[in-house]
file target-v5.cif (mmCIF, C-alpha atoms)
data_data
#
loop_
_atom_site.label_atom_id
_atom_site.label_comp_id
_atom_site.auth_asym_id
_atom_site.auth_seq_id
_atom_site.Cartn_x
_atom_site.Cartn_y
_atom_site.Cartn_z
CA MET B 715 0.00 0.00 0.00
CA SER B 716 1.34 3.39 -0.97
CA LYS B 717 1.95 6.08 1.56
CA ARG B 718 -0.65 8.35 0.09
CA GLU B 719 -3.33 5.74 0.23
CA ASN B 720 -2.36 5.14 3.76
CA ALA B 721 -2.78 8.79 4.62
CA SER B 722 -6.21 9.00 3.08
CA ARG B 723 -7.28 5.94 4.94
CA ASP B 724 -5.99 7.52 8.10
CA LEU B 725 -8.21 10.45 7.50
CA GLU B 726 -11.17 8.23 7.00
CA ALA B 727 -10.58 6.19 10.05
CA ARG B 728 -8.12 7.80 12.35
CA SER B 729 -7.76 4.65 14.39
CA ASN B 730 -5.73 3.00 11.71
CA VAL B 731 -2.44 3.77 13.36
CA GLY B 732 0.55 2.04 11.92
CA GLY B 733 -1.01 1.52 8.51
CA GLU B 734 -2.72 -1.71 9.39
CA MET B 735 -5.09 -2.67 6.66
CA VAL B 736 -8.67 -2.74 7.70
CA ARG B 737 -11.64 -2.53 5.40
CA SER B 738 -13.44 0.52 6.66
CA GLU B 739 -16.90 1.74 5.78
CA ALA B 740 -17.57 5.30 4.66
CA PRO B 741 -18.59 7.65 7.47
CA SER B 742 -22.15 7.83 6.17
CA GLU B 743 -22.41 4.07 6.40
CA LEU B 744 -21.10 4.19 9.92
CA LEU B 745 -23.62 6.82 10.77
CA ARG B 746 -26.38 4.67 9.36
CA GLU B 747 -25.26 1.79 11.48
CA LEU B 748 -25.13 4.08 14.46
CA VAL B 749 -28.65 5.37 13.86
CA ALA B 750 -29.95 1.84 13.47
CA HIS B 751 -28.38 0.98 16.81
CA LEU B 752 -29.93 3.98 18.49
CA ARG B 753 -33.35 3.20 17.01
CA GLN B 754 -33.13 -0.38 18.15
CA ASN B 755 -32.29 0.49 21.71
CA ARG B 756 -34.55 3.49 21.86
CA THR B 757 -36.59 2.47 24.89
CA GLN B 758 -33.68 1.36 26.99
CA LEU B 759 -31.40 4.30 26.18
CA ARG B 760 -34.16 6.78 26.68
CA GLU B 761 -34.95 5.39 30.08
CA GLU B 762 -31.35 5.42 31.07
CA TRP B 763 -31.08 9.01 30.00
CA VAL B 764 -34.13 10.05 32.02
CA MET B 765 -32.68 8.24 34.99
CA ARG B 766 -29.40 10.10 34.64
CA ILE B 767 -31.31 13.38 34.39
CA ALA B 768 -33.09 12.59 37.63
CA GLU B 769 -29.83 11.52 39.24
CA THR B 770 -28.05 14.74 38.42
CA ARG B 771 -31.10 16.75 39.53
CA LEU B 772 -31.55 18.63 36.32
CA LEU B 773 -34.92 20.00 35.23
CA THR B 774 -36.24 20.08 38.78
CA ALA B 775 -38.90 22.50 37.61
CA MET B 776 -40.57 19.75 35.58
CA THR B 777 -42.43 16.61 36.67
CA LYS B 778 -41.15 13.15 35.92
CA GLU B 779 -43.81 12.52 33.29
CA GLU B 780 -43.03 15.77 31.56
CA ILE B 781 -39.34 14.99 31.53
CA PHE B 782 -40.05 11.58 30.05
CA ALA B 783 -42.32 12.97 27.35
CA GLU B 784 -39.84 15.71 26.53
CA ALA B 785 -36.95 13.26 26.60
CA THR B 786 -38.72 11.04 24.09
CA SER B 787 -39.13 13.81 21.56
CA VAL B 788 -35.63 15.15 22.17
CA TYR B 789 -34.26 11.64 21.67
CA ASP B 790 -36.13 11.19 18.40
CA SER B 791 -35.10 14.58 17.04
CA TYR B 792 -31.57 13.83 18.14
CA VAL B 793 -31.44 10.56 16.23
CA GLU B 794 -33.09 12.18 13.26
CA ALA B 795 -30.54 14.98 13.23
CA LEU B 796 -27.77 12.37 13.38
CA GLU B 797 -29.31 10.51 10.48
CA THR B 798 -30.14 13.33 8.11
CA GLU B 799 -27.43 15.74 9.26
CA ALA B 800 -30.04 18.42 8.73
CA PHE B 801 -30.17 20.68 11.73
CA GLU B 802 -33.05 22.94 10.77
CA ALA B 803 -35.67 20.64 12.23
CA LEU B 804 -33.65 20.30 15.42
CA GLN B 805 -33.15 24.04 15.57
CA ALA B 806 -36.87 24.62 15.26
CA TYR B 807 -37.52 21.99 17.88
CA ALA B 808 -34.95 23.53 20.24
CA ARG B 809 -36.59 26.91 19.83
CA ASN B 810 -40.00 25.45 20.43
CA LEU B 811 -38.77 23.55 23.47
CA SER B 812 -37.11 26.66 24.87
CA GLU B 813 -40.29 28.63 24.38
CA ARG B 814 -42.13 26.12 26.50
CA ILE B 815 -39.59 25.59 29.27
CA ILE B 816 -38.14 29.09 29.75
CA PRO B 817 -41.30 30.35 31.49
CA ARG B 818 -41.01 27.36 33.84
CA GLY B 819 -37.65 28.61 35.04
CA VAL B 820 -35.39 26.12 33.30
CA GLU B 821 -31.81 27.38 33.27
CA THR B 822 -29.24 27.31 30.51
CA HIS B 823 -26.96 24.92 32.38
CA GLU B 824 -29.83 22.44 32.68
CA VAL B 825 -30.55 22.39 28.96
CA VAL B 826 -26.89 22.08 28.06
CA GLY B 827 -26.53 19.51 30.83
CA ILE B 828 -29.26 17.18 29.57
CA VAL B 829 -28.05 17.32 25.99
CA LEU B 830 -24.53 16.48 27.12
CA LEU B 831 -25.96 13.68 29.27
CA LEU B 832 -27.71 12.22 26.26
CA ARG B 833 -24.48 12.43 24.31
CA ASP B 834 -22.68 10.56 27.08
CA VAL B 835 -25.39 7.95 27.48
CA LEU B 836 -25.31 7.21 23.77
CA ALA B 837 -21.52 7.14 23.71
CA ARG B 838 -21.52 4.65 26.58
CA SER B 839 -23.93 2.42 24.72
CA LEU B 840 -21.56 2.51 21.78
CA PHE B 841 -18.68 1.54 24.03
CA ALA B 842 -20.70 -1.38 25.32
CA LYS B 843 -21.72 -2.52 21.88
CA TYR B 844 -18.28 -2.38 20.25
CA GLN B 845 -16.11 -3.24 23.22
CA THR B 846 -14.71 -6.25 21.46
CA ASP B 847 -13.81 -4.36 18.31
CA PHE B 848 -11.75 -1.40 19.38
CA LYS B 849 -11.00 -0.15 15.88
CA LYS B 850 -14.60 -0.18 14.84
CA LEU B 851 -15.51 1.63 18.01
CA ASN B 852 -13.02 4.32 17.16
CA ARG B 853 -14.44 4.78 13.69
CA ILE B 854 -17.97 4.87 14.98
CA LEU B 855 -16.98 7.51 17.51
CA ASP B 856 -15.28 9.48 14.76
CA ALA B 857 -18.56 9.65 12.97
CA TYR B 858 -20.61 10.16 16.09
CA GLU B 859 -18.72 12.80 18.01
CA PRO B 860 -18.73 15.71 15.56
CA ALA B 861 -22.41 15.23 14.87
CA ALA B 862 -23.23 14.90 18.55
CA ASN B 863 -21.25 18.00 19.44
CA ARG B 864 -22.94 19.91 16.71
CA ILE B 865 -26.31 18.85 18.03
CA ALA B 866 -25.40 19.95 21.55
CA ASN B 867 -24.23 23.24 20.12
CA THR B 868 -27.41 23.75 18.14
CA VAL B 869 -29.66 23.09 21.10
CA ALA B 870 -27.66 25.33 23.43
CA VAL B 871 -27.51 28.17 20.94
CA GLY B 872 -31.23 27.79 20.24
CA PHE B 873 -31.99 27.99 23.92
CA VAL B 874 -29.82 31.02 24.53
CA GLN B 875 -31.23 32.79 21.47
CA GLU B 876 -34.74 32.17 22.66
CA ARG B 877 -33.83 33.46 26.09
CA GLU B 878 -32.34 36.58 24.62
CA ARG B 879 -35.44 37.09 22.52
CA VAL B 880 -37.59 36.85 25.64
CA ILE B 881 -35.34 39.30 27.47
CA ARG B 882 -35.50 41.77 24.60
CA GLN B 883 -39.26 41.46 24.47
CA GLN B 884 -39.53 42.05 28.20
CA GLN B 885 -37.23 45.05 28.06
CA GLU B 886 -39.45 46.55 25.42
CA ALA B 887 -42.55 45.81 27.46
CA ILE B 888 -41.01 47.40 30.54
CA ARG B 889 -40.04 50.42 28.53
CA GLU B 890 -43.57 50.79 27.24
CA LEU B 891 -45.11 50.27 30.63
CA SER B 892 -42.76 52.39 32.58
CA THR B 893 -43.67 55.77 31.15
CA PRO B 894 -47.33 56.41 31.78
CA VAL B 895 -48.51 60.00 31.68
CA LEU B 896 -51.66 60.13 33.77
CA GLN B 897 -54.29 62.78 34.08
CA VAL B 898 -55.59 63.05 37.66
CA ARG B 899 -57.62 66.22 37.32
CA GLU B 900 -58.48 68.44 34.46
CA ARG B 901 -55.21 70.06 33.36
CA LEU B 902 -53.16 68.16 35.94
CA LEU B 903 -50.84 65.35 34.82
CA ILE B 904 -48.80 62.92 36.85
CA LEU B 905 -45.66 61.25 35.57
CA PRO B 906 -44.49 58.58 38.00
CA ILE B 907 -40.97 57.45 37.15
CA ILE B 908 -39.89 54.06 38.45
CA GLY B 909 -36.60 52.27 38.04
CA VAL B 910 -33.38 53.11 36.31
CA ILE B 911 -33.37 55.99 33.86
CA ASP B 912 -30.93 55.67 31.01
CA PRO B 913 -30.50 58.44 28.46
CA GLN B 914 -32.76 56.69 25.95
CA ARG B 915 -35.54 56.29 28.47
CA ALA B 916 -35.11 59.84 29.69
CA ARG B 917 -35.59 61.06 26.14
CA GLN B 918 -38.67 58.94 25.72
CA LEU B 919 -40.09 60.21 29.00
CA THR B 920 -39.63 63.78 27.92
CA GLU B 921 -41.24 63.17 24.55
CA GLN B 922 -44.23 61.47 26.11
CA LEU B 923 -44.62 64.17 28.71
CA LEU B 924 -44.46 67.02 26.21
CA ARG B 925 -46.94 65.28 23.95
CA GLY B 926 -49.15 64.56 26.97
CA ILE B 927 -49.10 68.22 27.96
CA ARG B 928 -50.30 69.15 24.50
CA THR B 929 -53.04 66.57 24.14
CA ASN B 930 -54.39 66.98 27.69
CA ARG B 931 -53.89 70.75 27.68
CA ALA B 932 -52.15 70.41 31.01
CA LYS B 933 -51.18 73.41 33.10
CA VAL B 934 -49.44 71.58 35.91
CA VAL B 935 -47.37 68.39 35.83
CA VAL B 936 -46.21 66.45 38.86
CA ILE B 937 -43.14 64.31 38.17
CA ASP B 938 -42.74 61.77 40.94
CA ILE B 939 -39.31 60.18 41.22
CA THR B 940 -39.86 58.25 44.45
CA GLY B 941 -39.15 55.05 42.51
CA VAL B 942 -35.84 56.23 41.12
CA ALA B 943 -32.94 54.81 43.07
CA ALA B 944 -30.09 56.82 41.66
CA MET B 945 -29.49 59.69 39.35
CA ASP B 946 -26.35 60.82 37.56
CA VAL B 947 -25.40 64.15 36.04
CA THR B 948 -26.78 63.34 32.61
CA VAL B 949 -30.16 62.29 33.89
CA ALA B 950 -30.38 65.18 36.34
CA ASN B 951 -29.62 67.64 33.58
CA HIS B 952 -32.17 65.94 31.41
CA LEU B 953 -34.74 66.37 34.16
CA VAL B 954 -33.97 70.08 34.34
CA GLN B 955 -34.33 70.30 30.57
CA THR B 956 -37.66 68.53 30.72
CA VAL B 957 -38.88 71.02 33.29
CA GLU B 958 -37.80 73.92 31.11
CA ALA B 959 -39.29 72.46 27.95
CA SER B 960 -42.59 71.91 29.77
CA ARG B 961 -42.56 75.52 30.81
CA LEU B 962 -42.16 76.58 27.19
CA LEU B 963 -45.42 74.75 26.54
CA GLY B 964 -46.99 76.75 29.34
CA ALA B 965 -47.02 74.04 31.99
CA THR B 966 -45.60 74.27 35.50
CA VAL B 967 -43.65 71.22 36.68
CA ILE B 968 -43.49 70.06 40.28
CA VAL B 969 -40.91 67.39 41.10
CA THR B 970 -41.68 65.17 44.09
CA GLY B 971 -40.10 62.29 45.93
CA LEU B 972 -36.43 63.25 45.74
CA SER B 973 -34.75 60.77 48.06
CA PRO B 974 -32.06 61.98 50.49
CA GLU B 975 -29.44 60.18 48.40
CA ILE B 976 -30.51 61.84 45.19
CA ALA B 977 -30.72 65.23 46.89
CA GLN B 978 -27.19 64.70 48.19
CA THR B 979 -25.93 63.65 44.77
CA LEU B 980 -27.52 66.60 43.02
CA VAL B 981 -26.07 69.07 45.48
CA THR B 982 -22.64 67.45 45.32
CA ILE B 983 -22.44 67.41 41.54
CA GLY B 984 -23.82 70.91 41.44
CA VAL B 985 -26.81 70.50 39.15
CA ASP B 986 -28.75 73.74 39.06
CA LEU B 987 -32.12 72.89 40.54
CA GLY B 988 -33.06 76.48 41.15
CA LYS B 989 -35.52 76.39 38.31
CA MET B 990 -37.27 73.36 39.68
CA ASN B 991 -40.28 73.34 41.90
CA THR B 992 -39.77 70.52 44.40
CA VAL B 993 -42.09 69.10 47.03
CA GLY B 994 -41.34 66.29 49.46
CA ASP B 995 -43.85 63.66 48.49
CA LEU B 996 -46.41 62.97 45.80
CA GLN B 997 -49.29 63.98 48.05
CA GLY B 998 -47.73 67.34 48.75
CA GLY B 999 -47.05 67.76 45.05
CA ILE B 1000 -50.65 67.10 44.10
CA GLU B 1001 -51.85 69.46 46.81
CA GLN B 1002 -49.64 72.23 45.52
CA ALA B 1003 -50.73 71.52 41.96
CA GLU B 1004 -54.35 71.81 43.03
CA ARG B 1005 -53.60 75.13 44.69
CA LEU B 1006 -51.99 76.35 41.48
CA LEU B 1007 -55.05 75.26 39.50
CA GLY B 1008 -57.44 76.82 42.00
CA TYR B 1009 -58.86 73.57 43.33
CA LYS B 1010 -59.55 73.03 46.97
CA VAL B 1011 -60.32 69.64 48.40
CA VAL B 1012 -62.63 69.72 51.43
CA THR B 1013 -64.38 66.95 53.33
CA LEU B 1014 -68.13 66.68 52.90
CA ALA B 1015 -68.60 67.58 56.56
CA GLU B 1016 -66.92 70.93 56.03
CA THR B 1017 -69.31 71.90 53.24
CA ARG B 1018 -72.39 71.48 55.42
CA MET K 542 -43.08 87.75 4.50
CA GLU K 543 -44.27 90.15 7.12
CA VAL K 544 -46.12 89.12 10.24
CA PRO K 545 -49.64 90.51 10.53
CA ILE K 546 -50.47 92.12 13.87
CA LEU K 547 -54.12 91.83 14.90
CA LYS K 548 -55.84 93.85 17.57
CA GLN K 549 -58.30 92.03 19.77
CA GLY K 550 -59.64 94.23 22.57
CA GLU K 551 -56.79 95.09 24.89
CA VAL K 552 -54.52 92.54 23.30
CA LEU K 553 -52.30 92.52 20.21
CA ILE K 554 -51.83 89.18 18.48
CA ALA K 555 -48.95 88.43 16.14
CA THR K 556 -48.97 85.07 14.39
CA PHE K 557 -45.69 83.75 12.97
CA GLN K 558 -45.70 82.08 9.60
CA ALA K 559 -43.53 79.05 8.99
CA ALA K 560 -40.35 80.64 7.67
CA LEU K 561 -39.32 84.08 8.78
CA SER K 562 -36.15 85.87 7.81
CA ASP K 563 -34.15 87.81 10.35
CA ALA K 564 -35.36 91.02 8.70
CA ASP K 565 -38.99 89.95 9.15
CA LEU K 566 -38.34 89.35 12.83
CA GLU K 567 -36.83 92.79 13.27
CA HIS K 568 -39.75 94.28 11.42
CA LEU K 569 -42.17 92.49 13.72
CA ARG K 570 -40.32 93.71 16.78
CA ARG K 571 -40.49 97.29 15.62
CA GLY K 572 -44.17 96.97 14.73
CA LEU K 573 -45.18 95.44 18.03
CA VAL K 574 -43.26 97.89 20.17
CA GLN K 575 -44.78 100.83 18.28
CA GLN K 576 -48.34 99.59 18.18
CA VAL K 577 -48.54 98.48 21.79
CA VAL K 578 -48.51 102.12 22.86
CA LYS K 579 -50.42 103.37 19.85
CA PHE K 580 -53.40 101.12 20.61
CA ARG K 581 -52.91 101.38 24.39
CA SER K 582 -52.78 97.59 24.52
CA ARG K 583 -52.19 95.85 27.83
CA GLY K 584 -51.01 92.55 26.46
CA VAL K 585 -49.23 91.01 23.48
CA ILE K 586 -49.50 87.42 22.30
CA VAL K 587 -46.92 86.01 19.92
CA ASP K 588 -48.17 82.79 18.35
CA VAL K 589 -45.38 80.53 17.08
CA THR K 590 -47.50 77.41 16.39
CA ALA K 591 -46.41 77.32 12.76
CA MET K 592 -42.69 77.41 13.53
CA ASP K 593 -41.03 74.02 13.37
CA VAL K 594 -37.54 75.40 13.89
CA MET K 595 -36.48 78.01 16.41
CA ASP K 596 -32.96 79.28 16.02
CA SER K 597 -31.02 81.37 18.48
CA PHE K 598 -31.78 84.60 16.66
CA ALA K 599 -35.53 84.01 16.69
CA SER K 600 -35.41 83.00 20.31
CA ARG K 601 -33.36 86.06 21.26
CA THR K 602 -35.70 88.32 19.34
CA LEU K 603 -38.69 86.86 21.19
CA ARG K 604 -37.00 87.60 24.49
CA GLU K 605 -36.15 91.11 23.41
CA ILE K 606 -39.72 91.69 22.29
CA ALA K 607 -41.00 90.56 25.67
CA HIS K 608 -38.57 92.80 27.54
CA MET K 609 -39.25 95.83 25.37
CA ILE K 610 -43.02 95.37 25.64
CA ARG K 611 -42.68 95.23 29.41
CA LEU K 612 -40.79 98.52 29.36
CA ARG K 613 -43.64 99.89 27.28
CA GLY K 614 -46.07 98.88 30.00
CA ALA K 615 -47.66 95.68 28.68
CA GLU K 616 -47.37 91.91 29.17
CA THR K 617 -46.16 89.40 26.57
CA VAL K 618 -47.01 85.73 26.22
CA ILE K 619 -45.41 83.35 23.75
CA VAL K 620 -47.89 80.65 22.74
CA GLY K 621 -47.90 77.48 20.65
CA ILE K 622 -44.31 76.25 20.97
CA GLN K 623 -44.31 72.70 19.61
CA PRO K 624 -43.07 69.90 21.91
CA GLU K 625 -40.15 69.02 19.62
CA VAL K 626 -39.22 72.67 19.24
CA ALA K 627 -39.40 73.17 23.00
CA PHE K 628 -37.01 70.31 23.67
CA ALA K 629 -34.62 71.37 20.94
CA MET K 630 -34.61 74.91 22.34
CA VAL K 631 -33.86 73.70 25.84
CA GLN K 632 -31.00 71.56 24.58
CA LEU K 633 -29.54 74.61 22.87
CA GLY K 634 -29.95 76.56 26.09
CA LEU K 635 -32.64 78.85 24.66
CA THR K 636 -35.04 78.72 27.56
CA LEU K 637 -36.79 82.13 27.33
CA GLU K 638 -36.28 82.34 31.07
CA ASP K 639 -38.24 85.40 32.11
CA VAL K 640 -40.85 85.25 29.36
CA ALA K 641 -44.37 83.97 29.97
CA THR K 642 -45.41 81.01 27.83
CA ALA K 643 -48.72 79.24 27.22
CA LEU K 644 -49.94 76.21 25.33
CA ASP K 645 -51.98 77.99 22.65
CA LEU K 646 -53.79 81.20 21.80
CA GLU K 647 -56.72 80.38 24.06
CA GLU K 648 -54.45 79.73 27.02
CA GLY K 649 -52.50 82.88 26.28
CA LEU K 650 -55.67 84.97 26.34
CA ALA K 651 -56.75 83.29 29.57
CA TYR K 652 -53.34 84.02 31.11
CA LEU K 653 -53.52 87.69 30.15
CA SER K 654 -57.08 88.23 31.36
CA GLU K 655 -56.09 86.62 34.66
CA LYS K 656 -53.13 88.97 34.84
CA PHE K 657 -55.28 92.02 34.04
CA LYS K 658 -57.76 90.99 36.72
CA ASN K 659 -54.97 90.89 39.31
CA ILE K 660 -53.75 94.34 38.32
CA ASP K 661 -57.23 95.92 38.29
#

call {"tool": "encode", "arguments": {"input": "target-v5.cif", "output": "structure tokens"}}
result
Amino acid sequence: MSKRENASRDLEARSNVGGEMVRSEAPSELLRELVAHLRQNRTQLREEWVMRIAETRLLTAMTKEEIFAEATSVYDSYVEALETEAFEALQAYARNLSERIIPRGVETHEVVGIVLLLRDVLARSLFAKYQTDFKKLNRILDAYEPAANRIANTVAVGFVQERERVIRQQQEAIRELSTPVLQVRERLLILPIIGVIDPQRARQLTEQLLRGIRTNRAKVVVIDITGVAAMDVTVANHLVQTVEASRLLGATVIVTGLSPEIAQTLVTIGVDLGKMNTVGDLQGGIEQAERLLGYKVVTLAETR
Amino acid sequence: MEVPILKQGEVLIATFQAALSDADLEHLRRGLVQQVVKFRSRGVIVDVTAMDVMDSFASRTLREIAHMIRLRGAETVIVGIQPEVAFAMVQLGLTLEDVATALDLEEGLAYLSEKFKNID
């Protein structure tokens, strides 16, 4: 046998060390044999896998029956992906699976963990089957490992992508929810700000407020920042700008709920708050706004 | 294009058109300051609803108008600044600090009549 032939054979079946002549099947044939093996031992391997999952305490958020049902379909898609080497179906399945289990609190390490477990369970079964024929085992593993790793990769990436999609969606939802401009009396708006304000959100808040002033024909606006934990120079300046812009539309702004920490920060960094009308709490702010608008709230007893 | 100045009772109303040259602005300033005494007006409303851009010259002229009208014994209100314009102005530092502002013409008139009532 020539050297070159030898090399090519080595590539095909890396176990052929020393140039020993062995008739080796093409990788696709090996894969077919592998798939047949996995199909044959489906029940047993699947059960073993589920047992290992329970042993390692993965997927604790799901019941045993659910795990078994899910394991069955994962197993079948796994074998199918091995057979066809087409990963689209598996990708779709991974996405679908993630969609279902992410709301149940399943973590990334669990998903990766179970796929790796399946890989190991199947590899073990291959060891057991070919233990007498070491060279064959090597060739089978050569065919199996890249495909198995790629499957694990696909599932993990699918899961993470789905998670990221959910996070993005939630961020958007929070952003939408977090900037309500509410009318509490005729010509009186309230803008409660909760959470962290980044420059983008600050901009959005201002836009919504200015538009709200126009559509509600507001004269007084109470901006309540009780729910804001911290404030930096940029955001503080933006707040001042919002107050000034509101004034240009003819509305007076009252800022309420400045926490001691924020007050300290603002004084330390020297933001000019002279132009701002501040009141301790939201109640005080609304009371002052009512005074500005000429309202007076009295109890029914007082009117008699 | 010149800005028409309308007389409505004790109030003069000047409505800006979309694009005004610096010369038009100066012309308006002169006209308002003259007529406010001529008609014995007590208030002036400058309506900028149609302006979608407010540069520093326009903004400075508005302030000057307000100050000069005050020296001539009347009150000025700027009305109809658009939300986007307002924010752009603030970012440029053009805040019209000591000038009264109102949402629209109606609000401006209400502001002035309130003011007149307090003086009377």

call {"tool": "axis_aligned_box", "arguments": {"input": "target-v5.cif", "around": "stretch 832-849 of chain B", "padding_each_side": "6 Å", "output": "JSON"}}
result
{"center_x": -19.4, "center_y": 3.1, "center_z": 21.7, "size_x": 28.7, "size_y": 30.7, "size_z": 23.6}

call {"tool": "resolve_selection", "arguments": {"input": "target-v5.cif", "expression": "the PyMOL selection byres ((chain B) within 9 of (chain K))", "output": "list in words"}}
result
Thr920, Glu921, Leu924, Arg925, Ile927, Arg928, Arg931, Ala932, Lys933, His952, Gln955, Thr956, Glu958, Ala959, Ser960, Arg961, Leu962, Leu963, Gly964 and Ala965 of chain B

call {"tool": "residues_around", "arguments": {"input": "target-v5.cif", "residues": "B:Leu745", "least_positions_apart": "6", "cutoff": "9 Å", "atoms": "only C-alpha atoms", "output": "count of residues only"}}
result
5

call {"tool": "closest_residue", "arguments": {"input": "target-v5.cif", "among": "K:Gly614, K:Val585, K:Val578, K:Leu569", "to": "K:Thr602", "atoms": "only C-alpha atoms"}}
result
K:Leu569

call {"tool": "resolve_selection", "arguments": {"input": "target-v5.cif", "expression": "the PyMOL selection byres ((chain K and resi 573) around 9)", "output": "list in words"}}
result
Ile546, Leu553, Ala555, His568, Leu569, Arg570, Arg571, Gly572, Val574, Gln575, Gln576, Val577, Val578, Val585, Ile606 and Ile610 of chain K

call {"tool": "write_last_selection", "arguments": {"input": "target-v5.cif", "atoms": "C-alpha atoms", "output": "short mmCIF file (atom, residue, chain, number, x, y, z; two decimals), in the coordinates of the input"}}
result
data_model
loop_
_atom_site.label_atom_id
_atom_site.label_comp_id
_atom_site.auth_asym_id
_atom_site.auth_seq_id
_atom_site.Cartn_x
_atom_site.Cartn_y
_atom_site.Cartn_z
CA ILE K 546 -50.47 92.12 13.87
CA LEU K 553 -52.30 92.52 20.21
CA ALA K 555 -48.95 88.43 16.14
CA HIS K 568 -39.75 94.28 11.42
CA LEU K 569 -42.17 92.49 13.72
CA ARG K 570 -40.32 93.71 16.78
CA ARG K 571 -40.49 97.29 15.62
CA GLY K 572 -44.17 96.97 14.73
CA VAL K 574 -43.26 97.89 20.17
CA GLN K 575 -44.78 100.83 18.28
CA GLN K 576 -48.34 99.59 18.18
CA VAL K 577 -48.54 98.48 21.79
CA VAL K 578 -48.51 102.12 22.86
CA VAL K 585 -49.23 91.01 23.48
CA ILE K 606 -39.72 91.69 22.29
CA ILE K 610 -43.02 95.37 25.64
#

call {"tool": "atom_distance", "arguments": {"input": "target-v5.cif", "atom1": "atom CA of B:Glu799", "atom2": "atom CA of B:Arg864"}}
result
9.6 Å

call {"tool": "residues_near_point", "arguments": {"input": "target-v5.cif", "point": "(-26.1, 2.4, 23.2)", "cutoff": "10 Å", "atoms": "all atoms listed in the file", "output": "count of residues only"}}
result
22

call {"tool": "atom_distance", "arguments": {"input": "target-v5.cif", "atom1": "atom CA of B:Val967", "atom2": "atom CA of B:Val934"}}
result
5.9 Å

call {"tool": "resolve_selection", "arguments": {"input": "target-v5.cif", "expression": "the PyMOL selection byres ((chain B and resi 868-879) around 6)", "output": "JSON, numbers by chain"}}
result
{"B": [808, 809, 812, 826, 865, 866, 867, 880, 881, 882]}

call {"tool": "closest_residue", "arguments": {"input": "target-v5.cif", "among": "K:Ser582, K:Thr617, K:Gln549, K:Ser600", "to": "K:Leu566", "atoms": "all atoms listed in the file"}}
result
K:Ser600

call {"tool": "atom_distance", "arguments": {"input": "target-v5.cif", "atom1": "atom CA of B:Gly994", "atom2": "atom CA of B:Gly971"}}
result
5.5 Å

call {"tool": "closest_residue", "arguments": {"input": "target-v5.cif", "among": "K:Leu547, K:Ala564, K:Val589, K:Ile554", "to": "K:Glu616", "atoms": "all atoms listed in the file"}}
result
K:Ile554

call {"tool": "residues_around", "arguments": {"input": "target-v5.cif", "residues": "B:Val969", "least_positions_apart": "6", "cutoff": "6 Å", "atoms": "only C-alpha atoms", "output": "list of chain:residue names"}}
result
B:Val936, B:Ile937, B:Asp938, B:Thr992
